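**Q** Can you read through this structure? Questions will come right after.
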Amino acid sequence: MLAAIIITERVDAVEGKQARSCAGSWPMSWARVEVLGKSAVARFADSLRQEGCDAVSVIGSNPALSASASGSADYWVNAELLLANQKQEGFDSFLIACCGAYVELDLADMRAFHDEHGDGVTRAMAPDGPLDLWMVDPSRFSGRDGIFPALREGASADYPVRGYVNRLESPSDFRRLVLDGFSGRCRLRPYGTETRPGVWICEGAQIGRGSRIVAPAYIGRNVQIMEDCLITRGTNVESNSQIDFGTAVEDTSILSSSYVGIGLDLCHSIVDGSNLINLRHNVTLEITDRVVMRKIAVRGGDRRPWAEIERGQMALSAE
Amino acid sequence: MLTSGPIVVMQVPEVLNVKEVDTFMEELGPLLESNRPRVVLDCSQVRSMESAGVEMLLRCLEEVLKRDGDLKLAALSPEAEVILELIRVARVFETFQTCEDAVRSFNAIPADAVPQNAPWYADVFSELGVLKQAS
């Protein structure tokens with residue numbers, strides 16, 4: 001029986017190091033960010049279940065994904081506890097993933113490779129280097145040494161991943177994943193209904209009169225696009241976000257629960273609440289004017305942008 | 001005859017908030033009231049810009065245009081460029097890579113260099129004459 005343990009952080013985050021980014025630091029792993037309806041981590045867990053993994057456990061600080069939220073120092077401790085428990089339950093192989101990357105893995109093929117090589121530890125290798133993804137025999141761990149040092153420092157057989165790999169190390173990688181999803185270069189497909197070629201719209205989305213959605217584009221669950229907006233060229237607006245009157249969004253990711261104000265021009269960017277990453281200029285800005293951009297509280301209250309706006313100063317500060 | 005004063009180049013402060021805008025305008029304001037003011041704002045140091053900063057730029061532009069002058073932005077920092085594009089005012093301003101380029105642009109086609117002795121349509125009719133002869 002095969003069990004999978006997915007840690008929803010990059011290895012560098014688990015080790016307490018700063019994740020790399022092309023535009024300043026970003027507080028969370030890109031793999032946990034909703035992309036075309038679901039995060040890369042959740043999609044990876046789904047794919048493992050579909051490919052016959054008997055148990056999939058997710059360890060991380062995202063309460064939506066994991067049963068118990070934990071600090072970064074506890075990730076590996078929790079993984080070790082889980083592994084010990086599942087070992088007792090009769091699982092004889094484990095897939096351990098520090099899920100910073102989006103990987104399309106042929107699980108059966110990796111398992112066959114692992115059985116064939118008999119090294120006890122098999123590490124997935126992308127063309128540009130090793131991935132933080134291992135298949136292990138639990139007997140390999142004595143319990144005296146931690147799993148992580150044993151995985152990183154111990155000998156392993158290298159399994160070449162033939163599927164699509166995106167390391168999601170930077171905002172540019174994230175945008176590339178979105179565009180690859182739109183163009184079908186990977187198996188990541190947008191959720192929702194393809195209302196016309198290249199335009200996906202999820203349930204609960206509202207598109208205002210005079211607004212244009214130009215393919216490829218994705219409009220997530222409960223998104224509100226107000227009147228006379230333009231959503232175009234590879235833009236994804238994730239769940240519960242709002243784009244206000246007359247704003248044009250091009251080649252941009254609006255992450256979930258973000259409000260984008262009236263009459264703006266957004267290009268080549270990623271917006272998460274009040275944070276704006278512009279990929280063309282390679283800068284990260286924090287916009288403190290809530291009229292321009294802000295995070296939306298999804299539950300409770302009036303979600304209409306004009307109902308809760310307080311006139312404020314617009315401020316930007318580079319990180 | 002119209003005359004112009006010197007071209008003024010001013011460094012925009014790093015943070016353009018209400019307070020800094022007031023200080024900056026105390027310095028820049030009198031210059032905008034001259035005849036045909038020609039102003040270059042060096043935005044290379046701008047790291048943070050509030051709505052007061054954007055308003056100030058638009059107000060300055062309005063003032064110089066009223067007096068038949070011009071205002072150009074030079075060496076925009078990425079932060080300034082992103083915010084001006086975001087709120088759709090980037091196209092309102094003429095922008096240049098460097099202050100030197102911006103200053104040079106004022107002298108590119110001086111107003112008094114346009115010949116006044118022949119009407120503008122003279123060239124057109126002379127070209128038509130050439131075409132007639134050719135046909």
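The chains in the structure tokens are called A, B, ... from first to last as shown; in each chain the residues are counted from 1, and the ligands are counted from 1 in the order shown.
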Residues of chain B no more than 10 Å from chain A, counting only C-alpha atoms: send them over as a PyMOL selection string.
**A** chain B and resi 15-18+46-54+77-89
**Q** Generate the output file for the selected residues, C-alpha atoms, as a PDB file, in the first residue's frame.
**A**
ATOM      1  CA  VAL B  15       8.300  59.680  -0.961  1.00  0.00           C
ATOM      2  CA  LEU B  16       5.468  61.662  -2.503  1.00  0.00           C
ATOM      3  CA  ASN B  17       2.995  61.987   0.328  1.00  0.00           C
ATOM      4  CA  VAL B  18       0.908  65.000   1.363  1.00  0.00           C
ATOM      5  CA  VAL B  46      10.617  58.039  -6.353  1.00  0.00           C
ATOM      6  CA  ARG B  47       9.932  54.917  -4.317  1.00  0.00           C
ATOM      7  CA  SER B  48       6.527  55.683  -2.885  1.00  0.00           C
ATOM      8  CA  MET B  49       3.681  57.754  -4.275  1.00  0.00           C
ATOM      9  CA  GLU B  50       0.373  58.652  -2.722  1.00  0.00           C
ATOM     10  CA  SER B  51      -2.624  60.030  -4.553  1.00  0.00           C
ATOM     11  CA  ALA B  52      -1.474  63.488  -3.439  1.00  0.00           C
ATOM     12  CA  GLY B  53       1.676  62.930  -5.503  1.00  0.00           C
ATOM     13  CA  VAL B  54      -0.246  61.987  -8.624  1.00  0.00           C
ATOM     14  CA  SER B  77      11.608  54.728 -11.333  1.00  0.00           C
ATOM     15  CA  PRO B  78       9.797  51.396 -11.852  1.00  0.00           C
ATOM     16  CA  GLU B  79       7.558  52.164  -8.869  1.00  0.00           C
ATOM     17  CA  ALA B  80       6.488  55.518 -10.309  1.00  0.00           C
ATOM     18  CA  GLU B  81       5.976  54.002 -13.748  1.00  0.00           C
ATOM     19  CA  VAL B  82       3.778  51.196 -12.393  1.00  0.00           C
ATOM     20  CA  ILE B  83       1.503  53.525 -10.469  1.00  0.00           C
ATOM     21  CA  LEU B  84       1.159  56.026 -13.318  1.00  0.00           C
ATOM     22  CA  GLU B  85       0.254  53.185 -15.688  1.00  0.00           C
ATOM     23  CA  LEU B  86      -2.124  51.653 -13.166  1.00  0.00           C
ATOM     24  CA  ILE B  87      -4.200  54.781 -12.784  1.00  0.00           C
ATOM     25  CA  ARG B  88      -4.028  55.639 -16.467  1.00  0.00           C
ATOM     26  CA  VAL B  89      -2.150  58.889 -16.283  1.00  0.00           C
TER      27      VAL B  89
END
**Q** As a PyMOL selection string, please: the residues near range 90-105 of chain A (cut-off 6 Å, only C-alpha atoms, same-chain neighbours under 2 positions excluded).
**A** chain A and resi 1-11+31+40+86-88+107+132-137+163-168
**Q** For the selection you just gave me, I'd like the residues written to a file as a PDB file, in the first residue's frame, keeping C-alpha atoms.
**A**
ATOM      1  CA  MET A   1       0.000   0.000   0.000  1.00  0.00           C
ATOM      2  CA  LEU A   2       1.192   3.475  -0.881  1.00  0.00           C
ATOM      3  CA  ALA A   3       0.650   6.566   1.249  1.00  0.00           C
ATOM      4  CA  ALA A   4       1.528  10.134   0.326  1.00  0.00           C
ATOM      5  CA  ILE A   5       2.586  12.879   2.712  1.00  0.00           C
ATOM      6  CA  ILE A   6       2.514  16.334   1.192  1.00  0.00           C
ATOM      7  CA  ILE A   7       4.086  19.235   3.050  1.00  0.00           C
ATOM      8  CA  THR A   8       2.599  22.406   1.639  1.00  0.00           C
ATOM      9  CA  GLU A   9       5.768  24.427   1.911  1.00  0.00           C
ATOM     10  CA  ARG A  10       8.928  24.662  -0.067  1.00  0.00           C
ATOM     11  CA  VAL A  11      11.988  23.022   1.462  1.00  0.00           C
ATOM     12  CA  ALA A  31       1.942  26.102  -4.769  1.00  0.00           C
ATOM     13  CA  ALA A  40      -1.218  23.314  -7.225  1.00  0.00           C
ATOM     14  CA  GLN A  86       0.787   4.765   8.775  1.00  0.00           C
ATOM     15  CA  LYS A  87       3.666   2.307   8.914  1.00  0.00           C
ATOM     16  CA  GLN A  88       1.837   0.573  11.735  1.00  0.00           C
ATOM     17  CA  LEU A 107       2.873   7.542 -10.004  1.00  0.00           C
ATOM     18  CA  ASP A 132      11.769  17.698  -3.327  1.00  0.00           C
ATOM     19  CA  LEU A 133       9.753  14.592  -3.980  1.00  0.00           C
ATOM     20  CA  TRP A 134      10.784  11.165  -2.745  1.00  0.00           C
ATOM     21  CA  MET A 135       9.408   7.648  -2.696  1.00  0.00           C
ATOM     22  CA  VAL A 136      10.669   5.778   0.344  1.00  0.00           C
ATOM     23  CA  ASP A 137      10.413   2.500   2.162  1.00  0.00           C
ATOM     24  CA  GLY A 163       5.721  15.034 -17.172  1.00  0.00           C
ATOM     25  CA  TYR A 164       5.321  18.781 -16.897  1.00  0.00           C
ATOM     26  CA  VAL A 165       7.252  20.479 -14.078  1.00  0.00           C
ATOM     27  CA  ASN A 166       6.983  24.083 -12.925  1.00  0.00           C
ATOM     28  CA  ARG A 167       9.061  24.882  -9.866  1.00  0.00           C
ATOM     29  CA  LEU A 168       6.864  27.824  -8.849  1.00  0.00           C
TER      30      LEU A 168
END
**Q** Hey, which of A:Glu238, A:Cys186, A:Gly246, A:Tyr75 ends up closest to Ser211 in chain A? Count only C-alpha atoms.
**A**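 So, comparing all the options, the nearest one is A:Gly246.
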**Q** Got a sec to tell me which of range 28-120 of chain A DSSP assigns to alpha helix (DSSP H), as a PyMOL selection string?
**A** chain A and resi 40-50+75-88+107-117
**Q** Pull C-alpha atoms from the residues just selected and write them as a JSON list (two decimals), in the first residue's frame.
**A**
[["chain", "number", "residue", "atom", "x", "y", "z"],
["A", 40, "ALA", "CA", -1.22, 23.31, -7.23],
["A", 41, "VAL", "CA", -0.95, 21.44, -3.92],
["A", 42, "ALA", "CA", -4.63, 20.46, -3.96],
["A", 43, "ARG", "CA", -4.36, 19.42, -7.60],
["A", 44, "PHE", "CA", -1.29, 17.29, -6.80],
["A", 45, "ALA", "CA", -3.18, 15.60, -3.95],
["A", 46, "ASP", "CA", -6.14, 14.97, -6.26],
["A", 47, "SER", "CA", -3.92, 13.47, -8.94],
["A", 48, "LEU", "CA", -2.28, 11.12, -6.42],
["A", 49, "ARG", "CA", -5.70, 9.90, -5.28],
["A", 50, "GLN", "CA", -6.77, 9.38, -8.88],
["A", 75, "TYR", "CA", 6.32, 20.15, 9.49],
["A", 76, "TRP", "CA", 8.86, 17.37, 9.55],
["A", 77, "VAL", "CA", 7.98, 16.32, 13.09],
["A", 78, "ASN", "CA", 4.37, 15.91, 11.99],
["A", 79, "ALA", "CA", 5.48, 14.07, 8.86],
["A", 80, "GLU", "CA", 7.51, 11.66, 10.97],
["A", 81, "LEU", "CA", 4.60, 11.03, 13.34],
["A", 82, "LEU", "CA", 2.28, 10.43, 10.42],
["A", 83, "LEU", "CA", 4.75, 8.09, 8.76],
["A", 84, "ALA", "CA", 5.15, 6.10, 11.97],
["A", 85, "ASN", "CA", 1.38, 5.77, 12.37],
["A", 86, "GLN", "CA", 0.79, 4.76, 8.77],
["A", 87, "LYS", "CA", 3.67, 2.31, 8.91],
["A", 88, "GLN", "CA", 1.84, 0.57, 11.74],
["A", 107, "LEU", "CA", 2.87, 7.54, -10.00],
["A", 108, "ALA", "CA", 2.72, 3.97, -11.32],
["A", 109, "ASP", "CA", 5.87, 4.52, -13.35],
["A", 110, "MET", "CA", 7.73, 5.99, -10.38],
["A", 111, "ARG", "CA", 6.63, 3.14, -8.16],
["A", 112, "ALA", "CA", 7.82, 0.58, -10.72],
["A", 113, "PHE", "CA", 11.15, 2.40, -10.94],
["A", 114, "HIS", "CA", 11.39, 2.48, -7.15],
["A", 115, "ASP", "CA", 10.68, -1.26, -6.84],
["A", 116, "GLU", "CA", 13.10, -2.06, -9.62],
["A", 117, "HIS", "CA", 16.03, -0.12, -8.20]]
